[in-house]
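> Pasting a structure here, questions to come.
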Amino acid sequence: MNTAITLIIAIVVIILHVWLCRRSPKFWYLGGIIPLLWIVLLVFLFFNGKISWGEDWKMIIFPTLIYFLFWIQGHQAAKKKEIEKMKAKDIN
(Lines give C-alpha, C1' and ligand atoms only; values in the text may rest on other atoms or scores of the structure.)
Protein backbone atom coordinates (compact mmCIF):
# COMPACT_ATOMS: atom_id res chain seq x y z
CA MET A 1 0.00 0.00 0.00
CA ASN A 2 2.80 2.42 0.89
CA THR A 3 4.57 1.74 -2.42
CA ALA A 4 1.37 2.38 -4.37
CA ILE A 5 0.85 5.75 -2.66
CA THR A 6 4.47 6.72 -3.32
CA LEU A 7 4.11 5.75 -6.99
CA ILE A 8 0.89 7.78 -7.35
CA ILE A 9 2.53 10.82 -5.74
CA ALA A 10 5.56 10.47 -8.04
CA ILE A 11 3.34 10.29 -11.13
CA VAL A 12 1.34 13.35 -10.02
CA VAL A 13 4.55 15.31 -9.38
CA ILE A 14 5.94 14.39 -12.82
CA ILE A 15 2.67 15.38 -14.55
CA LEU A 16 2.56 18.66 -12.62
CA HIS A 17 6.18 19.34 -13.49
CA VAL A 18 5.67 18.70 -17.22
CA TRP A 19 2.55 20.91 -17.20
CA LEU A 20 4.37 23.73 -15.41
CA CYS A 21 7.33 23.46 -17.79
CA ARG A 22 5.08 24.03 -20.79
CA ARG A 23 3.79 27.40 -19.54
CA SER A 24 4.54 30.60 -21.41
CA PRO A 25 8.20 31.68 -21.46
CA LYS A 26 6.99 34.71 -19.55
CA PHE A 27 6.55 32.36 -16.58
CA TRP A 28 9.79 30.37 -17.07
CA TYR A 29 10.31 30.02 -13.31
CA LEU A 30 7.20 27.85 -12.81
CA GLY A 31 9.00 24.84 -14.28
CA GLY A 32 11.76 25.29 -11.71
CA ILE A 33 9.54 24.79 -8.68
CA ILE A 34 9.72 20.99 -8.66
CA PRO A 35 13.51 20.79 -9.29
CA LEU A 36 14.09 23.37 -6.56
CA LEU A 37 11.94 21.41 -4.11
CA TRP A 38 13.81 18.23 -5.11
CA ILE A 39 17.20 19.88 -4.43
CA VAL A 40 15.95 21.19 -1.05
CA LEU A 41 14.72 17.68 -0.16
CA LEU A 42 18.08 16.14 -1.13
CA VAL A 43 20.01 18.69 0.95
CA PHE A 44 17.69 18.10 3.92
CA LEU A 45 18.06 14.32 3.67
CA PHE A 46 21.84 14.58 3.25
CA PHE A 47 22.31 16.75 6.34
CA ASN A 48 20.06 14.47 8.39
CA GLY A 49 22.12 11.43 7.40
CA LYS A 50 19.32 9.72 5.46
CA ILE A 51 21.29 9.57 2.20
CA SER A 52 24.96 9.33 1.39
CA TRP A 53 26.45 10.47 -1.92
CA GLY A 54 28.56 7.34 -2.30
CA GLU A 55 25.75 4.83 -1.95
CA ASP A 56 22.75 6.77 -3.26
CA TRP A 57 24.25 8.62 -6.21
CA LYS A 58 21.84 6.97 -8.68
CA MET A 59 18.82 8.12 -6.70
CA ILE A 60 20.28 11.63 -6.56
CA ILE A 61 21.53 12.12 -10.12
CA PHE A 62 18.85 10.38 -12.23
CA PRO A 63 15.73 12.22 -10.98
CA THR A 64 17.62 15.52 -10.84
CA LEU A 65 18.63 15.19 -14.49
CA ILE A 66 15.10 14.20 -15.49
CA TYR A 67 13.58 17.22 -13.74
CA PHE A 68 16.02 19.65 -15.33
CA LEU A 69 15.72 18.05 -18.78
CA PHE A 70 11.90 18.29 -18.60
CA TRP A 71 12.25 21.92 -17.58
CA ILE A 72 14.59 22.75 -20.48
CA GLN A 73 12.54 20.82 -23.02
CA GLY A 74 9.29 22.40 -21.84
CA HIS A 75 10.77 25.89 -21.91
CA GLN A 76 12.04 25.40 -25.46
CA ALA A 77 8.66 24.03 -26.59
CA ALA A 78 6.85 26.98 -25.01
CA LYS A 79 9.22 29.45 -26.71
CA LYS A 80 8.70 27.73 -30.05
CA LYS A 81 4.93 27.83 -29.62
CA GLU A 82 5.04 31.53 -28.76
CA ILE A 83 7.25 32.32 -31.77
CA GLU A 84 4.82 30.45 -34.06
CA LYS A 85 1.95 32.42 -32.54
CA MET A 86 3.82 35.69 -33.17
CA LYS A 87 4.55 34.68 -36.79
CA ALA A 88 0.88 33.86 -37.35
CA LYS A 89 -0.07 37.34 -36.09
CA ASP A 90 2.53 38.95 -38.38
CA ILE A 91 1.15 37.14 -41.42
CA ASN A 92 -2.37 38.37 -40.73
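We name chains A, B, ... following the order of the C-alpha coordinates; residues begin at 1 in each chain, and ligands are numbered from 1 as shown.
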Need to verify the contact set: Gln73 in chain A, 12 Å, only C-alpha atoms, exclusion of same-chain residues closer than 5 positions in sequence. Can you return it as a list in words?
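Neighbouring residues, sequence-local ones excluded: His17, Val18, Trp19, Leu20, Cys21, Arg22, Arg23, Pro25, Trp28, Gly31, Leu65, Ile66, Tyr67, Phe68, Ala78, Lys79 and Lys80 of chain A.
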> Which polymer residues have any atom within 10 Å of an atom of Glu82 in chain A, counting only C-alpha atoms, with same-chain residues fewer than 6 positions away left out, as a count of residues only?
5
> In Å, how far is it from CA of Leu42 in chain A to CA of Asn2 in chain A?
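So the two atoms, CA of Leu42 in chain A and CA of Asn2 in chain A, lie 20.6 Å apart.
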> For CA of Phe27 in chain A and CA of Leu7 in chain A, determine how far apart the two atoms are, in Å to one decimal place.
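Those two atoms sit 28.4 Å apart.
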